[in-house]
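*Asks:* As input, take target_13.txt (compact mmCIF, N, CA, C and O atoms):
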```txt
# COMPACT_ATOMS: atom_id res chain seq x y z
N MET A 1463 -14.21 163.21 -135.21
CA MET A 1463 -13.32 162.09 -135.08
C MET A 1463 -13.36 161.30 -136.39
O MET A 1463 -14.39 161.22 -137.04
N GLU A 1464 -12.23 160.73 -136.74
CA GLU A 1464 -12.17 159.89 -137.93
C GLU A 1464 -12.64 158.47 -137.60
O GLU A 1464 -12.50 158.01 -136.46
N ALA A 1465 -13.17 157.79 -138.58
CA ALA A 1465 -13.72 156.45 -138.38
C ALA A 1465 -12.67 155.47 -137.88
O ALA A 1465 -12.95 154.64 -137.01
N TYR A 1466 -11.45 155.56 -138.40
CA TYR A 1466 -10.40 154.62 -137.96
C TYR A 1466 -10.05 154.83 -136.49
O TYR A 1466 -9.80 153.87 -135.77
N ARG A 1467 -10.05 156.08 -136.03
CA ARG A 1467 -9.77 156.35 -134.61
C ARG A 1467 -10.91 155.82 -133.75
O ARG A 1467 -10.67 155.24 -132.69
N ALA A 1468 -12.12 156.01 -134.19
CA ALA A 1468 -13.27 155.49 -133.44
C ALA A 1468 -13.18 153.97 -133.32
O ALA A 1468 -13.45 153.40 -132.26
N LYS A 1469 -12.75 153.30 -134.40
CA LYS A 1469 -12.60 151.85 -134.37
C LYS A 1469 -11.49 151.44 -133.39
O LYS A 1469 -11.65 150.48 -132.64
N GLU A 1470 -10.38 152.17 -133.39
CA GLU A 1470 -9.30 151.90 -132.44
C GLU A 1470 -9.80 152.01 -131.00
O GLU A 1470 -9.49 151.18 -130.16
N ILE A 1471 -10.57 153.05 -130.73
CA ILE A 1471 -11.11 153.26 -129.38
C ILE A 1471 -12.06 152.13 -129.01
O ILE A 1471 -12.01 151.59 -127.91
N ALA A 1472 -12.94 151.75 -129.93
CA ALA A 1472 -13.91 150.69 -129.66
C ALA A 1472 -13.22 149.36 -129.36
O ALA A 1472 -13.70 148.58 -128.53
N GLU A 1473 -12.08 149.11 -130.00
CA GLU A 1473 -11.37 147.84 -129.81
C GLU A 1473 -10.31 147.89 -128.72
O GLU A 1473 -9.72 146.87 -128.38
N SER A 1474 -10.08 149.05 -128.14
CA SER A 1474 -9.04 149.22 -127.13
C SER A 1474 -9.47 148.67 -125.78
O SER A 1474 -10.61 148.85 -125.35
N PRO A 1475 -8.54 148.02 -125.06
CA PRO A 1475 -8.85 147.58 -123.70
C PRO A 1475 -8.78 148.74 -122.71
O PRO A 1475 -9.25 148.63 -121.57
N ASP A 1476 -8.20 149.86 -123.13
CA ASP A 1476 -8.08 151.03 -122.26
C ASP A 1476 -9.38 151.84 -122.24
O ASP A 1476 -10.16 151.80 -123.19
N VAL A 1477 -9.57 152.58 -121.18
CA VAL A 1477 -10.72 153.47 -121.08
C VAL A 1477 -10.33 154.79 -121.74
O VAL A 1477 -9.43 155.48 -121.30
N ILE A 1478 -11.01 155.10 -122.83
CA ILE A 1478 -10.78 156.35 -123.56
C ILE A 1478 -12.12 157.07 -123.60
O ILE A 1478 -13.11 156.55 -124.10
N ILE A 1479 -12.13 158.27 -123.03
CA ILE A 1479 -13.38 159.02 -122.92
C ILE A 1479 -13.74 159.64 -124.27
O ILE A 1479 -12.95 160.35 -124.87
N VAL A 1480 -14.96 159.36 -124.70
CA VAL A 1480 -15.50 159.90 -125.95
C VAL A 1480 -16.84 160.54 -125.62
O VAL A 1480 -17.59 160.04 -124.79
N SER A 1481 -17.12 161.67 -126.27
CA SER A 1481 -18.41 162.30 -126.01
C SER A 1481 -19.18 162.53 -127.31
O SER A 1481 -18.60 162.65 -128.39
N TYR A 1482 -20.48 162.56 -127.16
CA TYR A 1482 -21.42 162.83 -128.25
C TYR A 1482 -22.20 164.06 -127.83
O TYR A 1482 -23.05 163.99 -126.93
N PHE A 1483 -21.84 165.20 -128.40
CA PHE A 1483 -22.44 166.49 -128.02
C PHE A 1483 -22.37 166.70 -126.51
O PHE A 1483 -23.36 167.08 -125.88
N GLY A 1484 -21.20 166.43 -125.93
CA GLY A 1484 -20.96 166.67 -124.51
C GLY A 1484 -21.37 165.54 -123.58
O GLY A 1484 -21.09 165.59 -122.39
N VAL A 1485 -22.01 164.51 -124.10
CA VAL A 1485 -22.45 163.37 -123.27
C VAL A 1485 -21.43 162.24 -123.42
O VAL A 1485 -21.17 161.79 -124.53
N PRO A 1486 -20.84 161.79 -122.30
CA PRO A 1486 -19.88 160.67 -122.38
C PRO A 1486 -20.57 159.40 -122.88
O PRO A 1486 -21.65 159.04 -122.41
N VAL A 1487 -19.95 158.75 -123.89
CA VAL A 1487 -20.55 157.57 -124.50
C VAL A 1487 -19.55 156.43 -124.62
O VAL A 1487 -18.34 156.64 -124.55
N PHE A 1488 -20.08 155.24 -124.83
CA PHE A 1488 -19.30 154.04 -125.09
C PHE A 1488 -19.54 153.67 -126.56
O PHE A 1488 -20.68 153.65 -127.01
N ILE A 1489 -18.47 153.39 -127.29
CA ILE A 1489 -18.60 153.00 -128.69
C ILE A 1489 -18.71 151.48 -128.75
O ILE A 1489 -17.79 150.77 -128.37
N GLU A 1490 -19.86 150.99 -129.21
CA GLU A 1490 -20.10 149.55 -129.33
C GLU A 1490 -19.46 148.98 -130.60
O GLU A 1490 -18.85 147.93 -130.58
N HIS A 1491 -19.65 149.69 -131.72
CA HIS A 1491 -19.22 149.18 -133.01
C HIS A 1491 -19.03 150.35 -133.97
O HIS A 1491 -19.73 151.35 -133.86
N VAL A 1492 -18.08 150.20 -134.90
CA VAL A 1492 -17.85 151.22 -135.92
C VAL A 1492 -18.01 150.60 -137.30
O VAL A 1492 -17.46 149.53 -137.57
N ASN A 1493 -18.77 151.26 -138.16
CA ASN A 1493 -18.93 150.85 -139.55
C ASN A 1493 -18.06 151.80 -140.38
O ASN A 1493 -18.45 152.94 -140.64
N LEU A 1494 -16.86 151.33 -140.76
CA LEU A 1494 -15.92 152.17 -141.48
C LEU A 1494 -16.49 152.63 -142.83
O LEU A 1494 -16.31 153.78 -143.22
N GLY A 1495 -17.16 151.74 -143.53
CA GLY A 1495 -17.71 152.07 -144.84
C GLY A 1495 -18.76 153.17 -144.79
O GLY A 1495 -18.79 154.05 -145.65
N ALA A 1496 -19.59 153.13 -143.77
CA ALA A 1496 -20.66 154.12 -143.64
C ALA A 1496 -20.22 155.35 -142.84
O ALA A 1496 -20.91 156.36 -142.85
N GLY A 1497 -19.09 155.23 -142.12
CA GLY A 1497 -18.64 156.34 -141.30
C GLY A 1497 -19.53 156.58 -140.11
O GLY A 1497 -19.73 157.71 -139.67
N THR A 1498 -20.09 155.48 -139.56
CA THR A 1498 -20.99 155.59 -138.41
C THR A 1498 -20.50 154.74 -137.25
O THR A 1498 -19.68 153.84 -137.41
N ALA A 1499 -21.01 155.05 -136.07
CA ALA A 1499 -20.69 154.28 -134.87
C ALA A 1499 -21.96 153.99 -134.10
O ALA A 1499 -22.88 154.82 -134.04
N ARG A 1500 -22.01 152.80 -133.52
CA ARG A 1500 -23.11 152.42 -132.63
C ARG A 1500 -22.65 152.77 -131.23
O ARG A 1500 -21.61 152.27 -130.76
N ILE A 1501 -23.37 153.66 -130.56
CA ILE A 1501 -22.95 154.16 -129.25
C ILE A 1501 -24.09 154.06 -128.24
O ILE A 1501 -25.25 153.86 -128.60
N HIS A 1502 -23.73 154.22 -126.96
CA HIS A 1502 -24.73 154.43 -125.92
C HIS A 1502 -24.11 155.29 -124.82
O HIS A 1502 -22.90 155.23 -124.60
N PRO A 1503 -24.93 156.12 -124.15
CA PRO A 1503 -24.42 156.90 -123.03
C PRO A 1503 -23.89 155.97 -121.95
O PRO A 1503 -24.43 154.88 -121.74
N LEU A 1504 -22.82 156.39 -121.28
CA LEU A 1504 -22.21 155.54 -120.26
C LEU A 1504 -23.21 155.16 -119.16
O LEU A 1504 -23.16 154.04 -118.65
N ASP A 1505 -24.10 156.07 -118.82
CA ASP A 1505 -25.05 155.80 -117.74
C ASP A 1505 -26.38 155.20 -118.21
O ASP A 1505 -27.26 154.94 -117.41
N ARG A 1506 -26.51 154.96 -119.54
CA ARG A 1506 -27.75 154.39 -120.06
C ARG A 1506 -27.43 153.40 -121.18
O ARG A 1506 -27.68 153.67 -122.37
N PRO A 1507 -26.91 152.21 -120.84
CA PRO A 1507 -26.49 151.25 -121.86
C PRO A 1507 -27.62 150.72 -122.74
O PRO A 1507 -27.37 150.19 -123.81
N ASP A 1508 -28.86 150.89 -122.31
CA ASP A 1508 -29.99 150.39 -123.10
C ASP A 1508 -30.42 151.39 -124.17
O ASP A 1508 -31.31 151.09 -124.98
N GLU A 1509 -29.80 152.56 -124.23
CA GLU A 1509 -30.19 153.60 -125.19
C GLU A 1509 -29.16 153.71 -126.33
O GLU A 1509 -28.51 154.73 -126.51
N GLU A 1510 -29.02 152.63 -127.11
CA GLU A 1510 -28.07 152.63 -128.22
C GLU A 1510 -28.62 153.41 -129.40
O GLU A 1510 -29.83 153.47 -129.61
N GLN A 1511 -27.70 154.01 -130.14
CA GLN A 1511 -28.06 154.71 -131.36
C GLN A 1511 -26.87 154.71 -132.32
O GLN A 1511 -25.73 154.53 -131.90
N THR A 1512 -27.15 154.88 -133.59
CA THR A 1512 -26.11 154.96 -134.61
C THR A 1512 -25.95 156.42 -134.99
O THR A 1512 -26.93 157.10 -135.30
N VAL A 1513 -24.68 156.89 -134.96
CA VAL A 1513 -24.39 158.30 -135.24
C VAL A 1513 -23.20 158.40 -136.18
O VAL A 1513 -22.37 157.48 -136.25
N PRO A 1514 -23.07 159.52 -136.90
CA PRO A 1514 -21.86 159.72 -137.71
C PRO A 1514 -20.65 159.87 -136.79
O PRO A 1514 -20.73 160.54 -135.76
N VAL A 1515 -19.53 159.25 -137.16
CA VAL A 1515 -18.35 159.32 -136.29
C VAL A 1515 -17.79 160.74 -136.20
O VAL A 1515 -17.15 161.09 -135.20
N ASP A 1516 -18.05 161.57 -137.20
CA ASP A 1516 -17.47 162.91 -137.17
C ASP A 1516 -18.10 163.83 -136.12
O ASP A 1516 -17.60 164.93 -135.89
N VAL A 1517 -19.16 163.39 -135.45
CA VAL A 1517 -19.73 164.18 -134.36
C VAL A 1517 -19.22 163.71 -133.00
O VAL A 1517 -19.52 164.34 -131.98
N LEU A 1518 -18.45 162.63 -132.97
CA LEU A 1518 -17.87 162.14 -131.73
C LEU A 1518 -16.58 162.90 -131.44
O LEU A 1518 -15.84 163.27 -132.35
N ALA A 1519 -16.32 163.13 -130.15
CA ALA A 1519 -15.11 163.86 -129.75
C ALA A 1519 -14.37 163.07 -128.68
O ALA A 1519 -14.97 162.65 -127.69
N GLU A 1520 -13.08 162.88 -128.90
CA GLU A 1520 -12.23 162.24 -127.89
C GLU A 1520 -11.87 163.30 -126.87
O GLU A 1520 -11.43 164.39 -127.21
N GLU A 1521 -12.09 162.98 -125.60
CA GLU A 1521 -11.81 163.92 -124.53
C GLU A 1521 -10.39 163.69 -124.02
O GLU A 1521 -9.99 162.54 -123.80
N PHE A 1522 -9.66 164.76 -123.84
CA PHE A 1522 -8.29 164.67 -123.35
C PHE A 1522 -8.21 165.30 -121.98
O PHE A 1522 -8.77 166.36 -121.74
N ASN A 1523 -7.49 164.62 -121.09
CA ASN A 1523 -7.31 165.11 -119.73
C ASN A 1523 -5.93 165.74 -119.64
O ASN A 1523 -4.93 165.08 -119.84
N ASP A 1524 -5.88 167.02 -119.32
CA ASP A 1524 -4.60 167.74 -119.23
C ASP A 1524 -3.94 167.59 -117.87
O ASP A 1524 -2.86 168.13 -117.64
N VAL A 1525 -4.57 166.90 -116.95
CA VAL A 1525 -4.00 166.73 -115.61
C VAL A 1525 -3.14 165.48 -115.60
O VAL A 1525 -3.57 164.41 -116.02
N PHE A 1526 -1.93 165.61 -115.13
CA PHE A 1526 -1.01 164.49 -115.06
C PHE A 1526 -1.22 163.73 -113.75
O PHE A 1526 -1.54 164.30 -112.73
N ASP A 1527 -1.03 162.41 -113.79
CA ASP A 1527 -1.16 161.58 -112.60
C ASP A 1527 0.00 161.77 -111.64
O ASP A 1527 -0.13 161.53 -110.45
N THR A 1528 1.15 162.15 -112.15
CA THR A 1528 2.31 162.35 -111.29
C THR A 1528 2.66 163.82 -111.25
O THR A 1528 2.59 164.52 -112.26
N PRO A 1529 3.05 164.32 -110.08
CA PRO A 1529 3.38 165.73 -109.99
C PRO A 1529 4.69 166.04 -110.72
O PRO A 1529 5.59 165.19 -110.80
N LEU A 1530 4.76 167.23 -111.26
CA LEU A 1530 5.98 167.66 -111.93
C LEU A 1530 7.01 168.09 -110.88
O LEU A 1530 6.68 168.72 -109.89
N MET A 1531 8.25 167.76 -111.09
CA MET A 1531 9.31 168.10 -110.14
C MET A 1531 9.99 169.37 -110.57
O MET A 1531 10.22 169.65 -111.67
```
Translate the structure described by the file into structure tokens.
*Replies:*
Amino acid sequence: MEAYRAKEIAESPDVIIVSYFGVPVFIEHVNLGAGTARIHPLDRPDEEQTVPVDVLAEEFNDVFDTPLM
């Protein structure tokens, strides 16, 4: 993931699923200059860590909320 996208996600009011090596995480803060993000697993908010943003992955859901006609 690019640092600017990580920053957009961190500042977004929407829920956007991001994973760190397959673990769903919440992005607390992004340091654009360093290319890092402060994250924590969704189920363990007390376990914050700083990681390179390029190891974060935005998860996309291919299932639509409305049925196709």
*Asks:* What gap, in Å, lies between atom O of A:Asp1516 and atom CA of A:Pro1475?
*Replies:*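 Going from atom O of A:Asp1516 over to atom CA of A:Pro1475 covers 22.9 Å.
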*Asks:* Applying 6 Å and all atoms listed in the file, which residues near A:Tyr1482 remain after dropping the ones on its own chain fewer than 2 positions away? List them as a PyMOL selection string.
*Replies:* chain A and resi 1480+1484-1487+1517-1519
*Asks:* Measuring atom to atom with only C-alpha atoms, identify which of A:Ala1472, A:Met1463, A:Ile1479, A:Val1515 is nearest to A:Gly1495.
*Replies:*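 Looking only at the distances to A:Gly1495, the closest residue turns out to be A:Val1515.
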*Asks:* Using backbone DSSP assignments, extract all alpha helix (DSSP H) residues from chain A; output them as a list in words.
*Replies:*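 These are the residues in question: Ala1465, Tyr1466, Arg1467, Ala1468, Lys1469, Glu1470, Ile1471, Ala1472 and Glu1473 of chain A.
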*Asks:* Hey, can you spit out that residue selection with N, CA, C and O atoms as a PDB file, in the coordinates of the input?
*Replies:*
```pdb
ATOM      1  N   ALA A1465     -13.170 157.790-138.580  1.00  0.00           N
ATOM      2  CA  ALA A1465     -13.720 156.450-138.380  1.00  0.00           C
ATOM      3  C   ALA A1465     -12.670 155.470-137.880  1.00  0.00           C
ATOM      4  O   ALA A1465     -12.950 154.640-137.010  1.00  0.00           O
ATOM      5  N   TYR A1466     -11.450 155.560-138.400  1.00  0.00           N
ATOM      6  CA  TYR A1466     -10.400 154.620-137.960  1.00  0.00           C
ATOM      7  C   TYR A1466     -10.050 154.830-136.490  1.00  0.00           C
ATOM      8  O   TYR A1466      -9.800 153.870-135.770  1.00  0.00           O
ATOM      9  N   ARG A1467     -10.050 156.080-136.030  1.00  0.00           N
ATOM     10  CA  ARG A1467      -9.770 156.350-134.610  1.00  0.00           C
ATOM     11  C   ARG A1467     -10.910 155.820-133.750  1.00  0.00           C
ATOM     12  O   ARG A1467     -10.670 155.240-132.690  1.00  0.00           O
ATOM     13  N   ALA A1468     -12.120 156.010-134.190  1.00  0.00           N
ATOM     14  CA  ALA A1468     -13.270 155.490-133.440  1.00  0.00           C
ATOM     15  C   ALA A1468     -13.180 153.970-133.320  1.00  0.00           C
ATOM     16  O   ALA A1468     -13.450 153.400-132.260  1.00  0.00           O
ATOM     17  N   LYS A1469     -12.750 153.300-134.400  1.00  0.00           N
ATOM     18  CA  LYS A1469     -12.600 151.850-134.370  1.00  0.00           C
ATOM     19  C   LYS A1469     -11.490 151.440-133.390  1.00  0.00           C
ATOM     20  O   LYS A1469     -11.650 150.480-132.640  1.00  0.00           O
ATOM     21  N   GLU A1470     -10.380 152.170-133.390  1.00  0.00           N
ATOM     22  CA  GLU A1470      -9.300 151.900-132.440  1.00  0.00           C
ATOM     23  C   GLU A1470      -9.800 152.010-131.000  1.00  0.00           C
ATOM     24  O   GLU A1470      -9.490 151.180-130.160  1.00  0.00           O
ATOM     25  N   ILE A1471     -10.570 153.050-130.730  1.00  0.00           N
ATOM     26  CA  ILE A1471     -11.110 153.260-129.380  1.00  0.00           C
ATOM     27  C   ILE A1471     -12.060 152.130-129.010  1.00  0.00           C
ATOM     28  O   ILE A1471     -12.010 151.590-127.910  1.00  0.00           O
ATOM     29  N   ALA A1472     -12.940 151.750-129.930  1.00  0.00           N
ATOM     30  CA  ALA A1472     -13.910 150.690-129.660  1.00  0.00           C
ATOM     31  C   ALA A1472     -13.220 149.360-129.360  1.00  0.00           C
ATOM     32  O   ALA A1472     -13.700 148.580-128.530  1.00  0.00           O
ATOM     33  N   GLU A1473     -12.080 149.110-130.000  1.00  0.00           N
ATOM     34  CA  GLU A1473     -11.370 147.840-129.810  1.00  0.00           C
ATOM     35  C   GLU A1473     -10.310 147.890-128.720  1.00  0.00           C
ATOM     36  O   GLU A1473      -9.720 146.870-128.380  1.00  0.00           O
TER      37      GLU A1473
END
```
*Asks:* For the atom pair atom C of A:Thr1498 and atom N of A:Ile1478, what is the interatomic distance in Å to one decimal place?
*Replies:* 17.3 Å
*Asks:* As AutoDock Vina command-line options, please report the centre and edge lengths, rounded to one decimal in Å, of the axis-aligned box that holds all listed atoms of stretch 1510-1519 of chain A with 4 Å of padding on each of the six sides.
*Replies:*
```
--center_x -22.1 --center_y 158.8 --center_z -132.4 --size_x 23.5 --size_y 20.3 --size_z 18.6
```
*Asks:* Could you check which of A:Asn1493, A:Asp1508, A:Pro1514, A:Glu1520 is closest to A:Val1477, using only C-alpha atoms?
*Replies:* A:Glu1520
*Asks:* Calculate how many Å separate atom CA of A:Thr1512 from atom CA of A:Asp1476, rounding to one decimal.
*Replies:*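 Computing it gives 22.2 Å between the two atoms.
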*Asks:* Need to verify the contact set: A:Val1513, 7 Å, all atoms listed in the file, exclusion of same-chain residues closer than 4 positions in sequence. Can you return it as a list of chain:residue names?
*Replies:*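 Counting only the stated atoms, we get A:Ala1496, A:Gly1497, A:Thr1498, A:Ala1499, A:Arg1500, A:Ile1501, A:Val1517.
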*Asks:* Among stretch 1463-1529 of chain A, which residues does DSSP mark as strand (DSSP E) when it is run on the backbone? Keep the chain and numbering as in the structure and answer as a list in words.
*Replies:* Val1480, Ser1481, Tyr1482, Val1485, Pro1486, Val1487, Phe1488, Ile1489, Glu1490, His1491, Val1492, Asn1493, Thr1498, Ala1499, Arg1500, Ile1501, His1502, Pro1503, Gln1511, Thr1512, Val1513, Pro1514, Leu1518, Ala1519 and Glu1520 of chain A
*Asks:* List the spatial neighbours of A:His1502 as a PyMOL selection string - criterion: any atom at most 4.5 Å away, only N, CA, C and O atoms, same-chain residues fewer than 6 positions off excluded.
*Replies:* chain A and resi 1487-1488+1509-1510
*Asks:* For a quick check of your reading of the model, name the residues lying within 6 Å of the coordinate (-16.6, 149.0, -127.7), counting all atoms listed in the file, and write them as a list in words.
*Replies:*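 Residues satisfying the cut-off, written out: Ile1471, Ala1472, Glu1473, Phe1488, Ile1489, Glu1490 and His1491 of chain A.
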*Asks:* Based on the selection just made, write N, CA, C and O atoms of those residues as a compact mmCIF listing (two decimals), keeping the file's coordinate frame.
*Replies:*
```
# COMPACT_ATOMS: atom_id res chain seq x y z
N ILE A 1471 -10.57 153.05 -130.73
CA ILE A 1471 -11.11 153.26 -129.38
C ILE A 1471 -12.06 152.13 -129.01
O ILE A 1471 -12.01 151.59 -127.91
N ALA A 1472 -12.94 151.75 -129.93
CA ALA A 1472 -13.91 150.69 -129.66
C ALA A 1472 -13.22 149.36 -129.36
O ALA A 1472 -13.70 148.58 -128.53
N GLU A 1473 -12.08 149.11 -130.00
CA GLU A 1473 -11.37 147.84 -129.81
C GLU A 1473 -10.31 147.89 -128.72
O GLU A 1473 -9.72 146.87 -128.38
N PHE A 1488 -20.08 155.24 -124.83
CA PHE A 1488 -19.30 154.04 -125.09
C PHE A 1488 -19.54 153.67 -126.56
O PHE A 1488 -20.68 153.65 -127.01
N ILE A 1489 -18.47 153.39 -127.29
CA ILE A 1489 -18.60 153.00 -128.69
C ILE A 1489 -18.71 151.48 -128.75
O ILE A 1489 -17.79 150.77 -128.37
N GLU A 1490 -19.86 150.99 -129.21
CA GLU A 1490 -20.10 149.55 -129.33
C GLU A 1490 -19.46 148.98 -130.60
O GLU A 1490 -18.85 147.93 -130.58
N HIS A 1491 -19.65 149.69 -131.72
CA HIS A 1491 -19.22 149.18 -133.01
C HIS A 1491 -19.03 150.35 -133.97
O HIS A 1491 -19.73 151.35 -133.86
```
*Asks:* Can you fill out stretch 1468-1477 of chain A with all heavy atoms and hand it back as an mmCIF file, keeping the file's coordinate frame?
*Replies:*
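The file below, result.cif, is the result:
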```cif
data_model
loop_
_atom_site.group_PDB
_atom_site.id
_atom_site.type_symbol
_atom_site.label_atom_id
_atom_site.label_comp_id
_atom_site.auth_asym_id
_atom_site.auth_seq_id
_atom_site.Cartn_x
_atom_site.Cartn_y
_atom_site.Cartn_z
ATOM 1 N N ALA A 1468 -12.120 156.010 -134.190
ATOM 2 C CA ALA A 1468 -13.270 155.490 -133.440
ATOM 3 C C ALA A 1468 -13.180 153.970 -133.320
ATOM 4 O O ALA A 1468 -13.450 153.400 -132.260
ATOM 5 C CB ALA A 1468 -14.575 155.893 -134.116
ATOM 6 N N LYS A 1469 -12.750 153.300 -134.400
ATOM 7 C CA LYS A 1469 -12.600 151.850 -134.370
ATOM 8 C C LYS A 1469 -11.490 151.440 -133.390
ATOM 9 O O LYS A 1469 -11.650 150.480 -132.640
ATOM 10 C CB LYS A 1469 -12.301 151.326 -135.772
ATOM 11 C CG LYS A 1469 -12.227 149.806 -135.869
ATOM 12 C CD LYS A 1469 -12.179 149.374 -137.312
ATOM 13 C CE LYS A 1469 -11.997 147.888 -137.481
ATOM 14 N NZ LYS A 1469 -12.965 147.061 -136.810
ATOM 15 N N GLU A 1470 -10.380 152.170 -133.390
ATOM 16 C CA GLU A 1470 -9.300 151.900 -132.440
ATOM 17 C C GLU A 1470 -9.800 152.010 -131.000
ATOM 18 O O GLU A 1470 -9.490 151.180 -130.160
ATOM 19 C CB GLU A 1470 -8.143 152.892 -132.622
ATOM 20 C CG GLU A 1470 -7.297 152.681 -133.831
ATOM 21 C CD GLU A 1470 -6.229 153.758 -133.975
ATOM 22 O OE1 GLU A 1470 -6.255 154.780 -133.265
ATOM 23 O OE2 GLU A 1470 -5.361 153.557 -134.831
ATOM 24 N N ILE A 1471 -10.570 153.050 -130.730
ATOM 25 C CA ILE A 1471 -11.110 153.260 -129.380
ATOM 26 C C ILE A 1471 -12.060 152.130 -129.010
ATOM 27 O O ILE A 1471 -12.010 151.590 -127.910
ATOM 28 C CB ILE A 1471 -11.794 154.631 -129.282
ATOM 29 C CG1 ILE A 1471 -10.735 155.732 -129.379
ATOM 30 C CG2 ILE A 1471 -12.605 154.746 -127.994
ATOM 31 C CD1 ILE A 1471 -11.288 157.128 -129.522
ATOM 32 N N ALA A 1472 -12.940 151.750 -129.930
ATOM 33 C CA ALA A 1472 -13.910 150.690 -129.660
ATOM 34 C C ALA A 1472 -13.220 149.360 -129.360
ATOM 35 O O ALA A 1472 -13.700 148.580 -128.530
ATOM 36 C CB ALA A 1472 -14.849 150.527 -130.851
ATOM 37 N N GLU A 1473 -12.080 149.110 -130.000
ATOM 38 C CA GLU A 1473 -11.370 147.840 -129.810
ATOM 39 C C GLU A 1473 -10.310 147.890 -128.720
ATOM 40 O O GLU A 1473 -9.720 146.870 -128.380
ATOM 41 C CB GLU A 1473 -10.717 147.438 -131.138
ATOM 42 C CG GLU A 1473 -11.742 147.124 -132.213
ATOM 43 C CD GLU A 1473 -11.130 146.870 -133.583
ATOM 44 O OE1 GLU A 1473 -9.913 147.114 -133.767
ATOM 45 O OE2 GLU A 1473 -11.880 146.430 -134.474
ATOM 46 N N SER A 1474 -10.080 149.050 -128.140
ATOM 47 C CA SER A 1474 -9.040 149.220 -127.130
ATOM 48 C C SER A 1474 -9.470 148.670 -125.780
ATOM 49 O O SER A 1474 -10.610 148.850 -125.350
ATOM 50 C CB SER A 1474 -8.706 150.706 -126.974
ATOM 51 O OG SER A 1474 -7.789 150.889 -125.918
ATOM 52 N N PRO A 1475 -8.540 148.020 -125.060
ATOM 53 C CA PRO A 1475 -8.850 147.580 -123.700
ATOM 54 C C PRO A 1475 -8.780 148.740 -122.710
ATOM 55 O O PRO A 1475 -9.250 148.630 -121.570
ATOM 56 C CB PRO A 1475 -7.769 146.538 -123.413
ATOM 57 C CG PRO A 1475 -6.612 146.969 -124.262
ATOM 58 C CD PRO A 1475 -7.232 147.569 -125.508
ATOM 59 N N ASP A 1476 -8.200 149.860 -123.130
ATOM 60 C CA ASP A 1476 -8.080 151.030 -122.260
ATOM 61 C C ASP A 1476 -9.380 151.840 -122.240
ATOM 62 O O ASP A 1476 -10.160 151.800 -123.190
ATOM 63 C CB ASP A 1476 -6.947 151.944 -122.743
ATOM 64 C CG ASP A 1476 -5.598 151.252 -122.729
ATOM 65 O OD1 ASP A 1476 -5.364 150.424 -121.823
ATOM 66 O OD2 ASP A 1476 -4.785 151.524 -123.627
ATOM 67 N N VAL A 1477 -9.570 152.580 -121.180
ATOM 68 C CA VAL A 1477 -10.720 153.470 -121.080
ATOM 69 C C VAL A 1477 -10.330 154.790 -121.740
ATOM 70 O O VAL A 1477 -9.430 155.480 -121.300
ATOM 71 C CB VAL A 1477 -11.120 153.714 -119.611
ATOM 72 C CG1 VAL A 1477 -12.241 154.736 -119.532
ATOM 73 C CG2 VAL A 1477 -11.526 152.414 -118.958
#
```
